[in-house]
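Below is one structure, written out as structure tokens, with a few remarks after it.
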Amino acid sequence: MPVLGLGTFGSDKYNAATVAAAVIEGYGLGYRHFDCAEVYGNEKEIGDSFASIVRNGANRKDLWITSKVWNNHHGDAVAACENSLRNLKLDYLDLYLIHWPFANHHEQGVAVNSRDPHAKPYNHDGYMRTWSQLEDLHQRGLVRNIGTSNMTIPKLSRVLSDASIKPAVNEMEIHPHFQQPELFNFCIQNEIVPIGYSPIGSPSRPERDRTSDDTIDIEDPVIVQIGNRLNIHPAVICIKWQIQRGSIPIPFSVKRSQMETTLKGVSSEPLTEAEMNAVSQIDRNCRLIKGQVFLWPEANDWQDLWD
Ligand SMILES: NC(=O)c1ccc[n+]([C@@H]2O[C@H](COP(=O)([O-])OP(=O)(O)OC[C@H]3O[C@@H](n4cnc5c(N)ncnc54)[C@H](OP(=O)(O)O)[C@@H]3O)[C@@H](O)[C@H]2O)c1
């Protein structure tokens with residue numbers, strides 16, 4: 001798996017056509033790893049980009065393409081995957097993930113504090129039914145690797161004991177102010193590759209995903225100081241730190257200049273050991289993607305989602 005990916009979740013800010021154009025631009029600059037998902041609502045357009053990239057001479061095996069089954073398709077992952085493959089114009093995915101461990105669906109754009117009356121806490125048997133569908137997809141060769149996302153150690157431990165094929169990766173929020181050291185180490189010890197989402201601290205996330213105690217990674221003096229020494233934007237320092245620490249960041253961008261800076265930055269002079277240590281000290285345990293909309297009626301608050 002290429003150690004740097006390109007995110008494709010445009011959220012409210014960038015439409016499908018813009019993200020699809022960025023995939024072509026990113027490929028031209030050197031990106032080979034693309035993090036997609038059915039819920040991002042742009043797989044058809046991104047599929048046209050992949051088709052054009054391959055038509056123009058790219059070898060499919062040089063691309064790493066991930067997709068994910070959304071919460072309303074738990075239990076129906078085979079059809080969801082086949083649909084993503086059709087939309088992405090692919091014969092196989094390199095990686096297929098269960099996007100969230102909850103089958104809880106909500107309408108797009110609902111208020112952060114709204115709760116679906118049908119939402120339920122984590123159900124391990126239900127999760128494993130969906131996991132076995134991913135195992136079948138793997139057996140059929142439609143997906144080369146399968147993995148989890150937004151998991152915790154208790155949930156992952158149960159999956160590890162019950163799965164026939166263990167997760168190859170766990171996609172999780174990772175940035176300097178949210179390092180998740182216990183979960184990160186658990187993944188490494190169990191040979192599960194951690195993929196880090198929102199690696200820059202998601203500076204462009206919509207208002208509804210912000211709370212007053214969120215902190216800003218790219219303004220942290222330690223990150224800014226390393227950026228000054230290397231003459232690199234603080235965003236790229238967050239990405240470099242993550243790769244050196246041993247996970248795979250998937251920053252989002254639709255801007256050529258940012259994609260270029262990121263690619264150049266990750267292969268430039270590394271952070272020193274002292275700088276890596278300094279970054280390990282600035283963890284604020286600041287989760288940005290809290291998942292409030294997946295809460296069930298009796299839950300206390302978003303912390304219940306994370307055990
Ligand atoms: N598995 C999951 O549940 C899950 C959850 C969330 C995200 N993800 C994945 O992770 C990807 C990335 O997460 P994210 O979009 O939340 O956050 P992010 O990558 O931390 O932040 C993206 C934003 O950072 C800015 N940026 C990017 N490159 C830059 C550079 N070189 N210099 C300066 N600024 C730069 C851009 O802001 P501007 O656009 O304002 O310029 C961009 O929109 C998503 O696209 C998605 O694929 C997965």
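The way I read the labels, and the way they are meant: chains A, B, ... in the order of the structure tokens, residue 1 as the first residue of every chain, and ligand 1 as the first ligand shown, with later ones counted on from there.
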Between chain A and ligand 1, at 8 Å or less, what are the per-residue closest atom pairs and their distances in Å? Count only C-alpha atoms and all ligand atoms, order by chain and rising residue number, and return it as JSON lines.
```
{"residue": "A:Leu6", "atom": "CA", "partner": "ligand 1", "partner_atom_place_in_ligand_line": "47 (O)", "distance": 6.8}
{"residue": "A:Gly7", "atom": "CA", "partner": "ligand 1", "partner_atom_place_in_ligand_line": "47 (O)", "distance": 3.3}
{"residue": "A:Thr8", "atom": "CA", "partner": "ligand 1", "partner_atom_place_in_ligand_line": "45 (O)", "distance": 4.2}
{"residue": "A:Phe9", "atom": "CA", "partner": "ligand 1", "partner_atom_place_in_ligand_line": "45 (O)", "distance": 3.7}
{"residue": "A:Gly10", "atom": "CA", "partner": "ligand 1", "partner_atom_place_in_ligand_line": "45 (O)", "distance": 6.4}
{"residue": "A:Ser11", "atom": "CA", "partner": "ligand 1", "partner_atom_place_in_ligand_line": "15 (O)", "distance": 7.9}
{"residue": "A:Lys13", "atom": "CA", "partner": "ligand 1", "partner_atom_place_in_ligand_line": "39 (O)", "distance": 7.8}
{"residue": "A:Phe34", "atom": "CA", "partner": "ligand 1", "partner_atom_place_in_ligand_line": "47 (O)", "distance": 7.8}
{"residue": "A:Asp35", "atom": "CA", "partner": "ligand 1", "partner_atom_place_in_ligand_line": "47 (O)", "distance": 4.8}
{"residue": "A:Cys36", "atom": "CA", "partner": "ligand 1", "partner_atom_place_in_ligand_line": "47 (O)", "distance": 5.9}
{"residue": "A:Ala37", "atom": "CA", "partner": "ligand 1", "partner_atom_place_in_ligand_line": "47 (O)", "distance": 7.5}
{"residue": "A:His99", "atom": "CA", "partner": "ligand 1", "partner_atom_place_in_ligand_line": "1 (N)", "distance": 5.6}
{"residue": "A:Trp100", "atom": "CA", "partner": "ligand 1", "partner_atom_place_in_ligand_line": "3 (O)", "distance": 6.6}
{"residue": "A:Ser149", "atom": "CA", "partner": "ligand 1", "partner_atom_place_in_ligand_line": "1 (N)", "distance": 5.4}
{"residue": "A:Asn150", "atom": "CA", "partner": "ligand 1", "partner_atom_place_in_ligand_line": "3 (O)", "distance": 6.0}
{"residue": "A:Glu171", "atom": "CA", "partner": "ligand 1", "partner_atom_place_in_ligand_line": "1 (N)", "distance": 5.5}
{"residue": "A:Met172", "atom": "CA", "partner": "ligand 1", "partner_atom_place_in_ligand_line": "1 (N)", "distance": 6.2}
{"residue": "A:Glu173", "atom": "CA", "partner": "ligand 1", "partner_atom_place_in_ligand_line": "5 (C)", "distance": 6.9}
{"residue": "A:His175", "atom": "CA", "partner": "ligand 1", "partner_atom_place_in_ligand_line": "20 (O)", "distance": 7.6}
{"residue": "A:Gly196", "atom": "CA", "partner": "ligand 1", "partner_atom_place_in_ligand_line": "10 (O)", "distance": 7.3}
{"residue": "A:Tyr197", "atom": "CA", "partner": "ligand 1", "partner_atom_place_in_ligand_line": "10 (O)", "distance": 4.0}
{"residue": "A:Ser198", "atom": "CA", "partner": "ligand 1", "partner_atom_place_in_ligand_line": "20 (O)", "distance": 3.3}
{"residue": "A:Pro199", "atom": "CA", "partner": "ligand 1", "partner_atom_place_in_ligand_line": "20 (O)", "distance": 4.2}
{"residue": "A:Ile200", "atom": "CA", "partner": "ligand 1", "partner_atom_place_in_ligand_line": "20 (O)", "distance": 3.4}
{"residue": "A:Gly201", "atom": "CA", "partner": "ligand 1", "partner_atom_place_in_ligand_line": "20 (O)", "distance": 4.3}
{"residue": "A:Ser202", "atom": "CA", "partner": "ligand 1", "partner_atom_place_in_ligand_line": "17 (O)", "distance": 3.3}
{"residue": "A:Pro203", "atom": "CA", "partner": "ligand 1", "partner_atom_place_in_ligand_line": "23 (C)", "distance": 5.3}
{"residue": "A:Ser204", "atom": "CA", "partner": "ligand 1", "partner_atom_place_in_ligand_line": "40 (O)", "distance": 4.7}
{"residue": "A:Arg205", "atom": "CA", "partner": "ligand 1", "partner_atom_place_in_ligand_line": "16 (O)", "distance": 6.2}
{"residue": "A:His233", "atom": "CA", "partner": "ligand 1", "partner_atom_place_in_ligand_line": "32 (N)", "distance": 5.8}
{"residue": "A:Pro234", "atom": "CA", "partner": "ligand 1", "partner_atom_place_in_ligand_line": "32 (N)", "distance": 7.3}
{"residue": "A:Ala235", "atom": "CA", "partner": "ligand 1", "partner_atom_place_in_ligand_line": "32 (N)", "distance": 4.9}
{"residue": "A:Val236", "atom": "CA", "partner": "ligand 1", "partner_atom_place_in_ligand_line": "31 (N)", "distance": 5.5}
{"residue": "A:Pro249", "atom": "CA", "partner": "ligand 1", "partner_atom_place_in_ligand_line": "10 (O)", "distance": 7.9}
{"residue": "A:Ile250", "atom": "CA", "partner": "ligand 1", "partner_atom_place_in_ligand_line": "11 (C)", "distance": 5.3}
{"residue": "A:Pro251", "atom": "CA", "partner": "ligand 1", "partner_atom_place_in_ligand_line": "19 (O)", "distance": 3.3}
{"residue": "A:Phe252", "atom": "CA", "partner": "ligand 1", "partner_atom_place_in_ligand_line": "19 (O)", "distance": 4.0}
{"residue": "A:Ser253", "atom": "CA", "partner": "ligand 1", "partner_atom_place_in_ligand_line": "27 (C)", "distance": 4.6}
{"residue": "A:Val254", "atom": "CA", "partner": "ligand 1", "partner_atom_place_in_ligand_line": "39 (O)", "distance": 6.7}
{"residue": "A:Lys255", "atom": "CA", "partner": "ligand 1", "partner_atom_place_in_ligand_line": "41 (O)", "distance": 7.0}
{"residue": "A:Ser257", "atom": "CA", "partner": "ligand 1", "partner_atom_place_in_ligand_line": "31 (N)", "distance": 7.3}
{"residue": "A:Gln258", "atom": "CA", "partner": "ligand 1", "partner_atom_place_in_ligand_line": "31 (N)", "distance": 3.7}
{"residue": "A:Met259", "atom": "CA", "partner": "ligand 1", "partner_atom_place_in_ligand_line": "31 (N)", "distance": 5.7}
{"residue": "A:Glu260", "atom": "CA", "partner": "ligand 1", "partner_atom_place_in_ligand_line": "31 (N)", "distance": 7.3}
{"residue": "A:Thr261", "atom": "CA", "partner": "ligand 1", "partner_atom_place_in_ligand_line": "31 (N)", "distance": 5.2}
{"residue": "A:Thr262", "atom": "CA", "partner": "ligand 1", "partner_atom_place_in_ligand_line": "31 (N)", "distance": 4.6}
{"residue": "A:Ile289", "atom": "CA", "partner": "ligand 1", "partner_atom_place_in_ligand_line": "5 (C)", "distance": 6.9}
```
Could you find all residues in stretch 95-251 of chain A that DSSP calls strand (DSSP E) from the backbone, and write them as a PyMOL selection string?
-> chain A and resi 95-98+146-149+169-173+193-197+248-249
Create the file for the chosen residues now, containing N, CA and C atoms and written as a PDB file, in the first residue's frame.
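The result, written out as part_16.pdb:
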```pdb
ATOM      1  N   LEU A  95      -8.799  -2.552  -1.267  1.00  0.00           N
ATOM      2  CA  LEU A  95      -9.156  -2.593   0.147  1.00  0.00           C
ATOM      3  C   LEU A  95     -10.633  -2.229   0.292  1.00  0.00           C
ATOM      4  N   TYR A  96     -11.345  -3.018   1.098  1.00  0.00           N
ATOM      5  CA  TYR A  96     -12.751  -2.717   1.377  1.00  0.00           C
ATOM      6  C   TYR A  96     -12.936  -2.716   2.886  1.00  0.00           C
ATOM      7  N   LEU A  97     -13.570  -1.654   3.391  1.00  0.00           N
ATOM      8  CA  LEU A  97     -13.688  -1.464   4.838  1.00  0.00           C
ATOM      9  C   LEU A  97     -15.146  -1.408   5.261  1.00  0.00           C
ATOM     10  N   ILE A  98     -15.398  -1.792   6.502  1.00  0.00           N
ATOM     11  CA  ILE A  98     -16.679  -1.444   7.130  1.00  0.00           C
ATOM     12  C   ILE A  98     -16.469  -0.042   7.700  1.00  0.00           C
ATOM     13  N   ILE A 146      -9.297  -6.692   3.330  1.00  0.00           N
ATOM     14  CA  ILE A 146     -10.476  -6.188   4.036  1.00  0.00           C
ATOM     15  C   ILE A 146     -10.055  -5.601   5.383  1.00  0.00           C
ATOM     16  N   GLY A 147     -10.818  -4.606   5.822  1.00  0.00           N
ATOM     17  CA  GLY A 147     -10.415  -3.949   7.065  1.00  0.00           C
ATOM     18  C   GLY A 147     -11.568  -3.248   7.747  1.00  0.00           C
ATOM     19  N   THR A 148     -11.222  -2.628   8.865  1.00  0.00           N
ATOM     20  CA  THR A 148     -12.193  -1.963   9.728  1.00  0.00           C
ATOM     21  C   THR A 148     -11.921  -0.462   9.736  1.00  0.00           C
ATOM     22  N   SER A 149     -12.839   0.284  10.312  1.00  0.00           N
ATOM     23  CA  SER A 149     -12.632   1.724  10.457  1.00  0.00           C
ATOM     24  C   SER A 149     -13.427   2.187  11.679  1.00  0.00           C
ATOM     25  N   VAL A 169      -6.214  -3.770   7.859  1.00  0.00           N
ATOM     26  CA  VAL A 169      -5.999  -2.378   8.265  1.00  0.00           C
ATOM     27  C   VAL A 169      -7.114  -1.944   9.204  1.00  0.00           C
ATOM     28  N   ASN A 170      -6.839  -0.892   9.953  1.00  0.00           N
ATOM     29  CA  ASN A 170      -7.904  -0.166  10.653  1.00  0.00           C
ATOM     30  C   ASN A 170      -7.741   1.313  10.306  1.00  0.00           C
ATOM     31  N   GLU A 171      -8.782   1.879   9.691  1.00  0.00           N
ATOM     32  CA  GLU A 171      -8.733   3.319   9.368  1.00  0.00           C
ATOM     33  C   GLU A 171      -9.273   4.089  10.564  1.00  0.00           C
ATOM     34  N   MET A 172      -8.502   5.043  11.039  1.00  0.00           N
ATOM     35  CA  MET A 172      -8.838   5.736  12.293  1.00  0.00           C
ATOM     36  C   MET A 172      -8.370   7.176  12.227  1.00  0.00           C
ATOM     37  N   GLU A 173      -8.995   8.023  13.050  1.00  0.00           N
ATOM     38  CA  GLU A 173      -8.576   9.426  13.079  1.00  0.00           C
ATOM     39  C   GLU A 173      -7.186   9.524  13.720  1.00  0.00           C
ATOM     40  N   VAL A 193      -2.479  -2.678   9.798  1.00  0.00           N
ATOM     41  CA  VAL A 193      -1.881  -1.407   9.386  1.00  0.00           C
ATOM     42  C   VAL A 193      -2.815  -0.255   9.751  1.00  0.00           C
ATOM     43  N   PRO A 194      -2.337   0.726  10.531  1.00  0.00           N
ATOM     44  CA  PRO A 194      -3.203   1.877  10.805  1.00  0.00           C
ATOM     45  C   PRO A 194      -3.180   2.867   9.632  1.00  0.00           C
ATOM     46  N   ILE A 195      -4.365   3.221   9.149  1.00  0.00           N
ATOM     47  CA  ILE A 195      -4.498   4.292   8.154  1.00  0.00           C
ATOM     48  C   ILE A 195      -5.057   5.494   8.917  1.00  0.00           C
ATOM     49  N   GLY A 196      -4.423   6.649   8.764  1.00  0.00           N
ATOM     50  CA  GLY A 196      -4.822   7.814   9.557  1.00  0.00           C
ATOM     51  C   GLY A 196      -5.656   8.795   8.750  1.00  0.00           C
ATOM     52  N   TYR A 197      -6.933   8.958   9.151  1.00  0.00           N
ATOM     53  CA  TYR A 197      -7.751   9.958   8.445  1.00  0.00           C
ATOM     54  C   TYR A 197      -7.722  11.298   9.171  1.00  0.00           C
ATOM     55  N   ILE A 248      -0.491   5.398   7.782  1.00  0.00           N
ATOM     56  CA  ILE A 248      -0.622   5.832   6.385  1.00  0.00           C
ATOM     57  C   ILE A 248      -1.639   6.962   6.303  1.00  0.00           C
ATOM     58  N   PRO A 249      -1.177   8.205   6.156  1.00  0.00           N
ATOM     59  CA  PRO A 249      -2.128   9.316   6.115  1.00  0.00           C
ATOM     60  C   PRO A 249      -2.819   9.428   4.755  1.00  0.00           C
TER      61      PRO A 249
END
```
Nearest to A:Lys61: which of A:Glu45, A:Asp94, A:Glu182, A:Glu38 is it, counting only C-alpha atoms?
->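 Of A:Glu45, A:Asp94, A:Glu182, A:Glu38, the one nearest A:Lys61 is A:Asp94, counting only C-alpha atoms.
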Which residues come within 12 Å of A:Asp220, counting only C-alpha atoms, excluding same-chain residues fewer than 2 positions away, as a PyMOL selection string?
-> chain A and resi 175-177+200-201+215-218+222-227+234-235+237-238+278-279+281-284
Which polymer residues have any atom within 12 Å of an atom of A:Gly28, counting only C-alpha atoms, with same-chain residues fewer than 3 positions away left out, as an NGL selection string?
-> :A and (21-25 or 31-32 or 49-50 or 52-54 or 56-58 or 256 or 259-260 or 263)
With N, CA and C atoms kept, could you save the residues just selected as a PDB file, in the first residue's frame?
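Saved result, again.pdb, follows:
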```pdb
ATOM      1  N   ALA A  21     -11.923  15.562 -10.525  1.00  0.00           N
ATOM      2  CA  ALA A  21     -10.845  16.237 -11.267  1.00  0.00           C
ATOM      3  C   ALA A  21      -9.542  16.182 -10.456  1.00  0.00           C
ATOM      4  N   ALA A  22      -9.672  16.292  -9.124  1.00  0.00           N
ATOM      5  CA  ALA A  22      -8.481  16.244  -8.266  1.00  0.00           C
ATOM      6  C   ALA A  22      -7.814  14.862  -8.308  1.00  0.00           C
ATOM      7  N   VAL A  23      -8.621  13.823  -8.507  1.00  0.00           N
ATOM      8  CA  VAL A  23      -8.050  12.469  -8.589  1.00  0.00           C
ATOM      9  C   VAL A  23      -7.144  12.376  -9.831  1.00  0.00           C
ATOM     10  N   ILE A  24      -7.604  12.945 -10.948  1.00  0.00           N
ATOM     11  CA  ILE A  24      -6.783  12.923 -12.170  1.00  0.00           C
ATOM     12  C   ILE A  24      -5.521  13.762 -11.962  1.00  0.00           C
ATOM     13  N   GLU A  25      -5.717  14.941 -11.387  1.00  0.00           N
ATOM     14  CA  GLU A  25      -4.580  15.840 -11.123  1.00  0.00           C
ATOM     15  C   GLU A  25      -3.579  15.161 -10.171  1.00  0.00           C
ATOM     16  N   TYR A  31       0.283  10.660  -7.010  1.00  0.00           N
ATOM     17  CA  TYR A  31      -0.530   9.885  -6.052  1.00  0.00           C
ATOM     18  C   TYR A  31      -0.957   8.569  -6.706  1.00  0.00           C
ATOM     19  N   ARG A  32      -0.906   7.483  -5.916  1.00  0.00           N
ATOM     20  CA  ARG A  32      -1.331   6.179  -6.431  1.00  0.00           C
ATOM     21  C   ARG A  32      -2.367   5.512  -5.525  1.00  0.00           C
ATOM     22  N   SER A  49     -12.862   9.130 -13.590  1.00  0.00           N
ATOM     23  CA  SER A  49     -11.447   9.542 -13.527  1.00  0.00           C
ATOM     24  C   SER A  49     -10.530   8.320 -13.610  1.00  0.00           C
ATOM     25  N   PHE A  50     -10.861   7.259 -12.856  1.00  0.00           N
ATOM     26  CA  PHE A  50     -10.017   6.053 -12.913  1.00  0.00           C
ATOM     27  C   PHE A  50     -10.017   5.485 -14.329  1.00  0.00           C
ATOM     28  N   SER A  52     -10.408   7.028 -17.093  1.00  0.00           N
ATOM     29  CA  SER A  52      -9.588   7.849 -17.990  1.00  0.00           C
ATOM     30  C   SER A  52      -8.089   7.671 -17.677  1.00  0.00           C
ATOM     31  N   ILE A  53      -7.756   7.516 -16.400  1.00  0.00           N
ATOM     32  CA  ILE A  53      -6.350   7.296 -16.022  1.00  0.00           C
ATOM     33  C   ILE A  53      -5.828   5.993 -16.657  1.00  0.00           C
ATOM     34  N   VAL A  54      -6.665   4.949 -16.594  1.00  0.00           N
ATOM     35  CA  VAL A  54      -6.240   3.649 -17.143  1.00  0.00           C
ATOM     36  C   VAL A  54      -6.208   3.707 -18.677  1.00  0.00           C
ATOM     37  N   ASN A  56      -5.482   6.141 -20.388  1.00  0.00           N
ATOM     38  CA  ASN A  56      -4.297   6.901 -20.799  1.00  0.00           C
ATOM     39  C   ASN A  56      -2.994   6.193 -20.459  1.00  0.00           C
ATOM     40  N   GLY A  57      -3.081   4.900 -20.146  1.00  0.00           N
ATOM     41  CA  GLY A  57      -1.847   4.116 -20.058  1.00  0.00           C
ATOM     42  C   GLY A  57      -1.458   3.649 -18.665  1.00  0.00           C
ATOM     43  N   ALA A  58      -2.199   4.041 -17.633  1.00  0.00           N
ATOM     44  CA  ALA A  58      -1.818   3.575 -16.286  1.00  0.00           C
ATOM     45  C   ALA A  58      -2.104   2.083 -16.169  1.00  0.00           C
ATOM     46  N   ARG A 256      -4.030  21.774  -6.656  1.00  0.00           N
ATOM     47  CA  ARG A 256      -2.771  21.287  -7.198  1.00  0.00           C
ATOM     48  C   ARG A 256      -1.582  21.693  -6.325  1.00  0.00           C
ATOM     49  N   MET A 259      -1.423  19.563  -3.209  1.00  0.00           N
ATOM     50  CA  MET A 259      -1.051  18.164  -3.498  1.00  0.00           C
ATOM     51  C   MET A 259       0.443  18.072  -3.803  1.00  0.00           C
ATOM     52  N   GLU A 260       0.911  19.072  -4.544  1.00  0.00           N
ATOM     53  CA  GLU A 260       2.320  19.103  -4.922  1.00  0.00           C
ATOM     54  C   GLU A 260       3.203  19.282  -3.673  1.00  0.00           C
ATOM     55  N   LEU A 263       3.291  16.080  -1.612  1.00  0.00           N
ATOM     56  CA  LEU A 263       4.127  15.023  -2.195  1.00  0.00           C
ATOM     57  C   LEU A 263       5.609  15.337  -2.046  1.00  0.00           C
TER      58      LEU A 263
END
```
Nearest to A:His106: which of A:Ala17, A:Ile174, A:Leu295, A:Val159 is it, counting only C-alpha atoms?
-> A:Leu295
So which bits of stretch 220-306 of chain A end up helix (DSSP H, G or I) when you DSSP the backbone, as a ChimeraX atom specification?
-> /A:221-230,234-245,256-266,273-280,292-294,302-306
Output file for the residues above (N, CA and C atoms, as a compact mmCIF listing (two decimals), in the first residue's frame):
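Writing the result to out-v8.txt gives the following:
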```
# COMPACT_ATOMS: atom_id res chain seq x y z
N PRO A 221 2.50 25.41 18.24
CA PRO A 221 3.85 25.97 18.10
C PRO A 221 4.91 24.93 17.74
N VAL A 222 4.75 23.69 18.22
CA VAL A 222 5.75 22.65 17.91
C VAL A 222 5.71 22.33 16.40
N ILE A 223 4.50 22.21 15.87
CA ILE A 223 4.34 21.90 14.44
C ILE A 223 4.83 23.08 13.59
N VAL A 224 4.46 24.30 14.02
CA VAL A 224 4.86 25.50 13.27
C VAL A 224 6.39 25.64 13.26
N GLN A 225 7.01 25.36 14.43
CA GLN A 225 8.47 25.50 14.52
C GLN A 225 9.19 24.50 13.59
N ILE A 226 8.70 23.27 13.55
CA ILE A 226 9.34 22.28 12.66
C ILE A 226 9.12 22.72 11.21
N GLY A 227 7.92 23.23 10.93
CA GLY A 227 7.64 23.74 9.58
C GLY A 227 8.60 24.85 9.20
N ASN A 228 8.88 25.73 10.15
CA ASN A 228 9.82 26.83 9.87
C ASN A 228 11.22 26.29 9.57
N ARG A 229 11.65 25.30 10.38
CA ARG A 229 13.00 24.76 10.15
C ARG A 229 13.12 24.12 8.77
N LEU A 230 12.07 23.38 8.37
CA LEU A 230 12.15 22.65 7.09
C LEU A 230 11.59 23.47 5.92
N PRO A 234 2.86 23.76 7.86
CA PRO A 234 2.55 22.90 9.02
C PRO A 234 1.68 21.69 8.65
N ALA A 235 0.79 21.85 7.65
CA ALA A 235 -0.06 20.72 7.25
C ALA A 235 0.80 19.53 6.83
N VAL A 236 1.87 19.84 6.12
CA VAL A 236 2.73 18.76 5.61
C VAL A 236 3.58 18.16 6.75
N ILE A 237 3.87 18.97 7.76
CA ILE A 237 4.58 18.42 8.92
C ILE A 237 3.72 17.35 9.60
N CYS A 238 2.41 17.63 9.70
CA CYS A 238 1.50 16.63 10.31
C CYS A 238 1.55 15.32 9.51
N ILE A 239 1.61 15.45 8.20
CA ILE A 239 1.60 14.26 7.33
C ILE A 239 2.93 13.51 7.44
N LYS A 240 4.04 14.27 7.43
CA LYS A 240 5.38 13.65 7.56
C LYS A 240 5.51 12.92 8.89
N TRP A 241 5.05 13.58 9.96
CA TRP A 241 5.13 12.97 11.29
C TRP A 241 4.41 11.62 11.28
N GLN A 242 3.22 11.61 10.65
CA GLN A 242 2.41 10.39 10.67
C GLN A 242 3.11 9.24 9.93
N ILE A 243 3.70 9.55 8.78
CA ILE A 243 4.37 8.49 8.02
C ILE A 243 5.58 7.97 8.81
N GLN A 244 6.34 8.90 9.40
CA GLN A 244 7.52 8.46 10.17
C GLN A 244 7.11 7.64 11.40
N ARG A 245 5.95 7.95 11.96
CA ARG A 245 5.49 7.20 13.13
C ARG A 245 5.03 5.80 12.76
N ARG A 256 -4.03 21.77 -6.66
CA ARG A 256 -2.77 21.29 -7.20
C ARG A 256 -1.58 21.69 -6.33
N SER A 257 -1.57 22.96 -5.90
CA SER A 257 -0.41 23.44 -5.14
C SER A 257 -0.27 22.66 -3.83
N GLN A 258 -1.40 22.37 -3.17
CA GLN A 258 -1.33 21.60 -1.91
C GLN A 258 -0.87 20.18 -2.17
N MET A 259 -1.42 19.56 -3.21
CA MET A 259 -1.05 18.16 -3.50
C MET A 259 0.44 18.07 -3.80
N GLU A 260 0.91 19.07 -4.54
CA GLU A 260 2.32 19.10 -4.92
C GLU A 260 3.20 19.28 -3.67
N THR A 261 2.83 20.26 -2.83
CA THR A 261 3.60 20.53 -1.61
C THR A 261 3.65 19.29 -0.73
N THR A 262 2.51 18.62 -0.61
CA THR A 262 2.45 17.42 0.23
C THR A 262 3.38 16.34 -0.31
N LEU A 263 3.29 16.08 -1.61
CA LEU A 263 4.13 15.02 -2.20
C LEU A 263 5.61 15.34 -2.05
N LYS A 264 5.97 16.58 -2.34
CA LYS A 264 7.39 16.97 -2.21
C LYS A 264 7.81 16.87 -0.75
N GLY A 265 6.93 17.37 0.13
CA GLY A 265 7.25 17.44 1.56
C GLY A 265 7.51 16.07 2.17
N VAL A 266 6.70 15.07 1.80
CA VAL A 266 6.86 13.78 2.48
C VAL A 266 8.17 13.11 2.11
N GLU A 273 14.81 12.90 15.52
CA GLU A 273 14.27 12.12 16.64
C GLU A 273 13.71 13.07 17.70
N ALA A 274 14.44 14.17 17.94
CA ALA A 274 13.97 15.14 18.95
C ALA A 274 12.63 15.74 18.52
N GLU A 275 12.48 16.02 17.21
CA GLU A 275 11.21 16.57 16.72
C GLU A 275 10.08 15.54 16.84
N MET A 276 10.39 14.28 16.52
CA MET A 276 9.37 13.23 16.67
C MET A 276 8.93 13.14 18.14
N ASN A 277 9.91 13.21 19.05
CA ASN A 277 9.58 13.17 20.48
C ASN A 277 8.75 14.38 20.88
N ALA A 278 9.11 15.54 20.35
CA ALA A 278 8.37 16.76 20.69
C ALA A 278 6.92 16.63 20.22
N VAL A 279 6.70 16.08 19.03
CA VAL A 279 5.32 15.94 18.54
C VAL A 279 4.56 14.93 19.42
N SER A 280 5.26 13.89 19.88
CA SER A 280 4.55 12.90 20.71
C SER A 280 4.05 13.54 22.02
N GLN A 292 -21.47 11.86 16.58
CA GLN A 292 -22.72 12.05 17.37
C GLN A 292 -23.97 11.52 16.66
N VAL A 293 -24.02 11.67 15.34
CA VAL A 293 -25.26 11.29 14.63
C VAL A 293 -25.53 9.79 14.66
N PHE A 294 -24.54 9.00 15.11
CA PHE A 294 -24.77 7.54 15.15
C PHE A 294 -25.28 7.08 16.51
N TRP A 302 -21.38 11.27 22.90
CA TRP A 302 -20.59 10.63 21.84
C TRP A 302 -19.50 9.71 22.40
N GLN A 303 -19.09 9.92 23.65
CA GLN A 303 -18.04 9.06 24.22
C GLN A 303 -18.51 7.61 24.26
N ASP A 304 -19.83 7.38 24.32
CA ASP A 304 -20.35 6.02 24.35
C ASP A 304 -20.01 5.24 23.07
N LEU A 305 -19.81 5.97 21.98
CA LEU A 305 -19.48 5.29 20.72
C LEU A 305 -18.06 4.69 20.76
N TRP A 306 -17.25 5.24 21.65
CA TRP A 306 -15.81 4.92 21.62
C TRP A 306 -15.38 4.08 22.81
```
Point-to-point distance from atom CA of A:Asn123 to atom CA of A:Asp301, Å rounded to tenths | 18.0 Å
Could you tell me which of A:Val69, A:Leu142, A:Ala103, A:Ala51 comes closest to A:Lys89 if we count only C-alpha atoms?
->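 Using only C-alpha atoms, the shortest distance to A:Lys89 belongs to A:Ala51.
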Best match for closeness to A:Pro2 among A:Val19, A:Cys81, A:Leu29, A:Ile65, counting only C-alpha atoms =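 Residue with the minimum atom-to-atom distance to A:Pro2: A:Ile65.
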Between A:Ala77, A:Gly5, A:Gly30, A:Lys290, single out the one closest to A:Arg210, counting only C-alpha atoms.
-> A:Lys290
Shell around stretch 128-140 of chain A at 8 Å using only C-alpha atoms, local window under 2 positions removed, as a list of chain:residue names =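 Using only C-alpha atoms, the neighbours found are A:His74, A:Gly75, A:Asp76, A:Ala77, A:Val78, A:Tyr96, A:Ile98, A:His124, A:Asp125, A:Gly126, A:Leu142, A:Val143, A:Arg144, A:Asn145, A:Ile146, A:Val159, A:Asp162, A:Ala163, A:Ser164, A:Ile165.
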Dump C-alpha atoms for the selected residues as a CSV table (one decimal), in the first residue's frame?
```
chain,number,residue,atom,x,y,z
A,74,HIS,CA,-24.4,-3.6,7.0
A,75,GLY,CA,-25.7,-7.1,6.2
A,76,ASP,CA,-25.9,-6.2,2.5
A,77,ALA,CA,-22.2,-5.6,1.9
A,78,VAL,CA,-21.9,-7.8,-1.2
A,96,TYR,CA,-12.8,-2.7,1.4
A,98,ILE,CA,-16.7,-1.4,7.1
A,124,HIS,CA,-21.0,-7.8,17.6
A,125,ASP,CA,-23.0,-10.6,16.0
A,126,GLY,CA,-24.4,-8.1,13.4
A,142,LEU,CA,-13.5,-8.8,-5.7
A,143,VAL,CA,-11.5,-7.2,-2.9
A,144,ARG,CA,-7.8,-7.9,-2.2
A,145,ASN,CA,-7.8,-6.8,1.4
A,146,ILE,CA,-10.5,-6.2,4.0
A,159,VAL,CA,-13.3,-9.2,15.7
A,162,ASP,CA,-14.0,-14.3,15.7
A,163,ALA,CA,-12.8,-13.5,12.2
A,164,SER,CA,-11.6,-16.1,9.7
A,165,ILE,CA,-9.7,-13.4,7.9
```
